[in-house]
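With compact mmCIF, C-alpha atoms inside, this is input.txt:
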# COMPACT_ATOMS: atom_id res chain seq x y z
CA MET A 1 0.21 21.07 4.33
CA PRO A 2 -2.57 23.64 3.87
CA LYS A 3 -5.91 22.75 5.38
CA ALA A 4 -7.58 22.84 1.96
CA ALA A 5 -5.13 20.36 0.44
CA ILE A 6 -6.49 16.86 -0.03
CA SER A 7 -4.59 14.23 1.88
CA LEU A 8 -3.93 11.21 -0.31
CA LEU A 9 -3.85 9.02 2.79
CA THR A 10 -7.26 10.35 3.91
CA ILE A 11 -8.71 9.56 0.50
CA VAL A 12 -7.19 6.09 0.49
CA LEU A 13 -8.41 5.26 3.97
CA SER A 14 -11.93 6.27 2.99
CA LEU A 15 -11.96 3.95 -0.05
CA ALA A 16 -11.88 0.55 1.61
CA SER A 17 -10.38 -1.47 4.42
CA SER A 18 -8.62 -3.67 1.88
CA PRO A 19 -6.28 -2.23 -0.71
CA THR A 20 -7.59 -4.57 -3.37
CA ILE A 21 -10.29 -3.17 -5.54
CA SER A 22 -11.81 -6.12 -7.38
CA GLN A 23 -12.16 -5.28 -11.04
CA VAL A 24 -11.99 -8.73 -12.54
CA GLU A 25 -13.90 -11.82 -11.68
CA THR A 26 -12.13 -14.35 -9.52
CA PRO A 27 -12.91 -17.90 -10.63
CA ALA A 28 -15.48 -19.38 -8.24
CA ASP A 29 -13.22 -22.29 -7.35
CA ILE A 30 -10.53 -19.83 -6.13
CA THR A 31 -12.82 -18.06 -3.65
CA THR A 32 -13.54 -21.23 -1.66
CA LEU A 33 -9.97 -22.54 -1.37
CA SER A 34 -8.07 -22.71 1.90
CA ILE A 35 -4.85 -20.79 2.46
CA GLU A 36 -2.87 -23.99 1.92
CA GLN A 37 -4.63 -24.71 -1.36
CA LEU A 38 -4.18 -21.13 -2.55
CA THR A 39 -0.50 -21.25 -1.61
CA GLN A 40 -0.01 -24.44 -3.60
CA LYS A 41 -1.85 -23.11 -6.64
CA ALA A 42 0.14 -19.87 -6.45
CA LYS A 43 3.41 -21.82 -6.28
CA ASN A 44 2.26 -23.66 -9.42
CA GLY A 45 1.86 -20.36 -11.28
CA ASP A 46 -1.88 -19.70 -10.83
CA LEU A 47 -1.92 -15.89 -10.73
CA ALA A 48 -5.61 -15.65 -9.76
CA ALA A 49 -4.85 -17.84 -6.74
CA GLU A 50 -1.85 -15.67 -5.94
CA LEU A 51 -4.02 -12.54 -6.01
CA ARG A 52 -6.61 -14.16 -3.75
CA LEU A 53 -3.84 -15.31 -1.40
CA ALA A 54 -2.38 -11.80 -1.27
CA ASP A 55 -5.83 -10.41 -0.41
CA LYS A 56 -6.27 -12.96 2.39
CA LEU A 57 -2.82 -12.24 3.79
CA TYR A 58 -3.51 -8.51 3.69
CA LYS A 59 -6.84 -8.86 5.51
CA GLY A 60 -5.84 -11.68 7.83
CA GLU A 61 -8.72 -13.69 6.38
CA GLY A 62 -8.36 -17.40 7.19
CA THR A 63 -4.79 -16.81 8.28
CA LYS A 64 -2.65 -14.47 10.31
CA LYS A 65 -2.35 -11.01 8.75
CA ASN A 66 1.01 -10.80 6.97
CA LEU A 67 1.50 -7.45 5.26
CA PRO A 68 5.11 -8.03 4.09
CA GLU A 69 4.13 -11.31 2.41
CA ALA A 70 1.02 -9.70 0.88
CA ALA A 71 3.23 -6.89 -0.46
CA LYS A 72 5.63 -9.45 -1.91
CA LEU A 73 2.80 -11.21 -3.75
CA TYR A 74 1.24 -7.94 -4.92
CA THR A 75 4.67 -6.84 -6.20
CA HIS A 76 5.01 -9.98 -8.29
CA LEU A 77 1.49 -9.58 -9.65
CA ALA A 78 1.95 -5.85 -10.30
CA ASN A 79 5.06 -6.70 -12.31
CA GLU A 80 2.94 -9.20 -14.26
CA GLY A 81 0.56 -6.37 -15.16
CA PHE A 82 -2.32 -7.11 -12.77
CA MET A 83 -4.16 -3.80 -12.34
CA GLN A 84 -5.67 -4.91 -9.01
CA ALA A 85 -2.21 -5.65 -7.61
CA GLN A 86 -0.85 -2.34 -8.90
CA ILE A 87 -3.59 -0.47 -7.06
CA ALA A 88 -3.28 -2.61 -3.92
CA LEU A 89 0.49 -2.18 -3.78
CA GLY A 90 0.15 1.54 -4.48
CA LEU A 91 -2.24 1.90 -1.55
CA MET A 92 0.12 -0.11 0.66
CA ASN A 93 2.93 2.26 -0.33
CA ILE A 94 0.82 5.25 0.69
CA LYS A 95 -0.02 3.71 4.06
CA GLY A 96 3.43 2.19 4.64
CA GLU A 97 1.83 -1.22 5.15
CA GLY A 98 4.22 -4.13 4.58
CA VAL A 99 6.50 -1.78 2.64
CA GLU A 100 8.23 1.47 3.38
CA LYS A 101 5.92 4.46 2.89
CA ASN A 102 6.62 5.79 -0.60
CA ASP A 103 4.16 8.11 -2.35
CA LYS A 104 6.38 8.33 -5.43
CA LYS A 105 6.25 4.54 -5.91
CA ALA A 106 2.47 4.65 -5.35
CA VAL A 107 2.12 7.20 -8.16
CA GLU A 108 4.18 4.96 -10.48
CA LEU A 109 1.90 2.01 -9.69
CA PHE A 110 -1.28 4.07 -10.11
CA LEU A 111 -0.02 5.22 -13.52
CA LEU A 112 0.36 1.60 -14.63
CA ALA A 113 -3.20 0.86 -13.50
CA ALA A 114 -4.50 4.10 -15.07
CA GLU A 115 -3.10 2.99 -18.41
CA GLN A 116 -5.30 -0.11 -18.04
CA LYS A 117 -8.38 2.11 -17.71
CA SER A 118 -8.73 2.07 -13.92
CA SER A 119 -10.82 5.12 -13.05
CA LEU A 120 -9.82 4.71 -9.39
CA ALA A 121 -6.13 4.92 -10.30
CA GLN A 122 -6.82 7.91 -12.55
CA TYR A 123 -8.63 9.65 -9.71
CA LEU A 124 -5.80 8.87 -7.27
CA LEU A 125 -3.33 10.39 -9.73
CA GLY A 126 -5.45 13.55 -9.69
CA VAL A 127 -5.34 13.61 -5.90
CA ALA A 128 -1.57 13.07 -5.95
CA HIS A 129 -1.00 15.94 -8.38
CA GLU A 130 -3.37 18.27 -6.57
CA GLY A 131 -1.75 17.67 -3.19
CA GLY A 132 1.83 17.16 -4.33
CA HIS A 133 2.01 13.56 -3.08
CA GLY A 134 4.89 11.74 -4.78
CA VAL A 135 4.88 14.35 -7.56
CA ASP A 136 5.06 18.13 -7.74
CA SER A 137 1.77 19.86 -7.01
CA ASP A 138 0.17 20.71 -10.35
CA ASN A 139 -3.48 21.71 -10.65
CA ILE A 140 -3.46 21.32 -14.43
CA LYS A 141 -2.33 17.70 -14.22
CA ALA A 142 -4.71 17.10 -11.30
CA TYR A 143 -7.63 18.44 -13.33
CA MET A 144 -6.52 16.37 -16.31
CA TRP A 145 -6.60 13.15 -14.27
CA TYR A 146 -9.94 14.06 -12.71
CA GLU A 147 -11.25 14.73 -16.24
CA VAL A 148 -10.14 11.28 -17.43
CA ALA A 149 -11.69 9.52 -14.42
CA ALA A 150 -14.82 11.66 -14.64
CA ALA A 151 -15.24 10.59 -18.27
CA MET A 152 -15.62 7.08 -16.86
CA ASN A 153 -18.30 8.39 -14.45
CA TYR A 154 -16.11 8.07 -11.36
CA THR A 155 -18.15 10.20 -8.94
CA ASN A 156 -15.27 11.21 -6.65
CA ALA A 157 -13.38 12.54 -9.67
CA ILE A 158 -16.39 14.54 -10.82
CA ASP A 159 -16.68 16.12 -7.36
CA ALA A 160 -12.92 16.78 -7.12
CA GLN A 161 -12.92 18.37 -10.56
CA LYS A 162 -15.76 20.71 -9.57
CA ALA A 163 -13.91 21.68 -6.39
CA LEU A 164 -10.64 22.35 -8.23
CA ALA A 165 -12.07 24.38 -11.14
CA PRO A 166 -12.56 27.65 -9.20
CA LYS A 167 -8.83 27.64 -8.34
CA MET A 168 -7.88 27.61 -12.02
CA THR A 169 -8.04 30.00 -14.96
CA SER A 170 -10.09 29.12 -18.03
CA GLU A 171 -6.81 28.73 -19.96
CA GLN A 172 -5.54 26.21 -17.41
CA ILE A 173 -8.78 24.25 -17.59
CA GLN A 174 -8.63 24.22 -21.40
CA MET A 175 -5.04 22.98 -21.25
CA ALA A 176 -6.00 20.24 -18.77
CA GLU A 177 -8.97 19.20 -20.92
CA GLN A 178 -6.74 18.97 -24.00
CA MET A 179 -4.21 16.88 -22.06
CA ALA A 180 -7.04 14.60 -20.91
CA SER A 181 -8.31 14.21 -24.48
CA ASP A 182 -4.83 13.37 -25.73
CA TRP A 183 -4.32 10.85 -22.94
CA TRP A 184 -7.75 9.32 -23.53
CA LEU A 185 -7.04 8.83 -27.23
CA GLN A 186 -3.76 7.12 -26.43
CA PHE A 187 -5.00 4.71 -23.75
CA HIS A 188 -8.73 4.24 -24.30
CA GLN A 189 -8.79 2.94 -27.84
Rewrite the structure from the file as structure tokens, please.
Amino acid sequence: MPKAAISLLTIVLSLASSPTISQVETPADITTLSIEQLTQKAKNGDLAAELRLADKLYKGEGTKKNLPEAAKLYTHLANEGFMQAQIALGLMNIKGEGVEKNDKKAVELFLLAAEQKSSLAQYLLGVAHEGGHGVDSDNIKAYMWYEVAAAMNYTNAIDAQKALAPKMTSEQIQMAEQMASDWWLQFHQ
């Protein structure tokens, strides 16, 4: 990989020690529950408890760290449409934590979260397209994703977009901006 290429793993590792990026409020009563209580609530179908349990298992918070079990819970929640779980599982796929390393699967998960207006997922899709992680390298698509995330004031995307622009023609930038506008109209209504 060229020195100038952005490593998706480097970006991910700089984001946070936990793969979960909290974007919804967890009910206060969930945050104070023990592992046993969370497990019981999760078994009874409480998805917020299941997400909190997955986070605790990932971090080893109040219990022994269990990445495969955290991945299993995140998978269930991602399939239920939880954006936080889609991002968390995507990051675990990039790192190969609790699951086999799979950048392509991570991109699929980030796309699901991006469609739910996650600027972090949109930014990560830009990084993936710029560096060819799980998808073919494509500066136009990378710029498009940075544009979408930048429109939501995601600072890293704004910086990445500025760094990528000099490597592109004005026609490529126009094409990327049109793609971003089209995508925005479809998913940000």
- Message: Between A:Leu109, A:Ala151, A:Met144, A:Ala114, which residue has the minimum interatomic distance to A:Leu164, considering only C-alpha atoms?
- Response: A:Met144
So which residues fall inside 12 Å of (-11.3, -20.3, -1.7) if we count all atoms listed in the file? Mind giving them as a PDB file with C-alpha atoms, keeping the file's coordinate frame?
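Writing the result to point13.pdb gives the following:
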ATOM      1  CA  THR A  26     -12.130 -14.350  -9.520  1.00  0.00           C
ATOM      2  CA  PRO A  27     -12.910 -17.900 -10.630  1.00  0.00           C
ATOM      3  CA  ALA A  28     -15.480 -19.380  -8.240  1.00  0.00           C
ATOM      4  CA  ASP A  29     -13.220 -22.290  -7.350  1.00  0.00           C
ATOM      5  CA  ILE A  30     -10.530 -19.830  -6.130  1.00  0.00           C
ATOM      6  CA  THR A  31     -12.820 -18.060  -3.650  1.00  0.00           C
ATOM      7  CA  THR A  32     -13.540 -21.230  -1.660  1.00  0.00           C
ATOM      8  CA  LEU A  33      -9.970 -22.540  -1.370  1.00  0.00           C
ATOM      9  CA  SER A  34      -8.070 -22.710   1.900  1.00  0.00           C
ATOM     10  CA  ILE A  35      -4.850 -20.790   2.460  1.00  0.00           C
ATOM     11  CA  GLU A  36      -2.870 -23.990   1.920  1.00  0.00           C
ATOM     12  CA  GLN A  37      -4.630 -24.710  -1.360  1.00  0.00           C
ATOM     13  CA  LEU A  38      -4.180 -21.130  -2.550  1.00  0.00           C
ATOM     14  CA  THR A  39      -0.500 -21.250  -1.610  1.00  0.00           C
ATOM     15  CA  LYS A  41      -1.850 -23.110  -6.640  1.00  0.00           C
ATOM     16  CA  ALA A  48      -5.610 -15.650  -9.760  1.00  0.00           C
ATOM     17  CA  ALA A  49      -4.850 -17.840  -6.740  1.00  0.00           C
ATOM     18  CA  GLU A  50      -1.850 -15.670  -5.940  1.00  0.00           C
ATOM     19  CA  LEU A  51      -4.020 -12.540  -6.010  1.00  0.00           C
ATOM     20  CA  ARG A  52      -6.610 -14.160  -3.750  1.00  0.00           C
ATOM     21  CA  LEU A  53      -3.840 -15.310  -1.400  1.00  0.00           C
ATOM     22  CA  ASP A  55      -5.830 -10.410  -0.410  1.00  0.00           C
ATOM     23  CA  LYS A  56      -6.270 -12.960   2.390  1.00  0.00           C
ATOM     24  CA  GLU A  61      -8.720 -13.690   6.380  1.00  0.00           C
ATOM     25  CA  GLY A  62      -8.360 -17.400   7.190  1.00  0.00           C
TER      26      GLY A  62
END
- Top pick for closest residue to A:Ala113, considering A:Gln161, A:Asn139, A:Gln86, A:Asn93 and counting only C-alpha atoms: A:Gln86
- Message: Using only C-alpha atoms, which protein or nucleic acid residues come within 7 Å of A:Gly98? Drop anything in the same chain fewer than 4 positions from it, and give the result as a PyMOL selection string.
- Response: chain A and resi 67-68+71+92
- Message: Calculated over all atoms listed in the file, which of the candidates A:Lys117, A:Lys59, A:Lys104, A:Lys65 has the smallest distance to A:Gly132?
- Response: A:Lys104
- Message: Which residues are close to A:Trp145, i.e. within 8 Å by all atoms listed in the file, leaving aside same-chain residues fewer than 6 positions away? Reply as a ChimeraX atom specification.
- Response: /A:122-123,125-126,180
- Task: For each of A:Ala160, A:Ala150, A:Leu77, A:Ala165, take the minimum atom-to-atom distance to A:Trp184, counting all atoms listed in the file, then give the residue where this is smallest.
- Result: A:Ala150
- Message: For A:His188, find every residue with an atom within 12 Å (counting only C-alpha atoms), except residues of its own chain fewer than 5 positions away, and show them as a list in words.
- Response: Ala114, Glu115, Gln116, Lys117, Ser118, Ser119, Val148, Ala149, Ala151, Met152, Ala180, Ser181, Asp182 and Trp183 of chain A
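Between A:Met168 and the residues A:Asp138, A:Leu185, A:His129, A:Glu147, the shortest atom-to-atom distance, using all atoms listed in the file, involves A:Asp138.
If all atoms listed in the file are the atoms counted, then among A:Ala70, A:Gly90, A:Ile140, A:Gln40 the closest residue to A:Ala54 is A:Ala70.
The space separating atom CA of A:Leu47 from atom CA of A:Leu112 comes to 18.1 Å.
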- Task: May I have the residues within 7 Å of A:Ile94 as JSON, numbers by chain, using only C-alpha atoms and disregarding those fewer than 5 positions away in the same chain?
- Result: {"A": [9, 101, 102, 103, 106]}
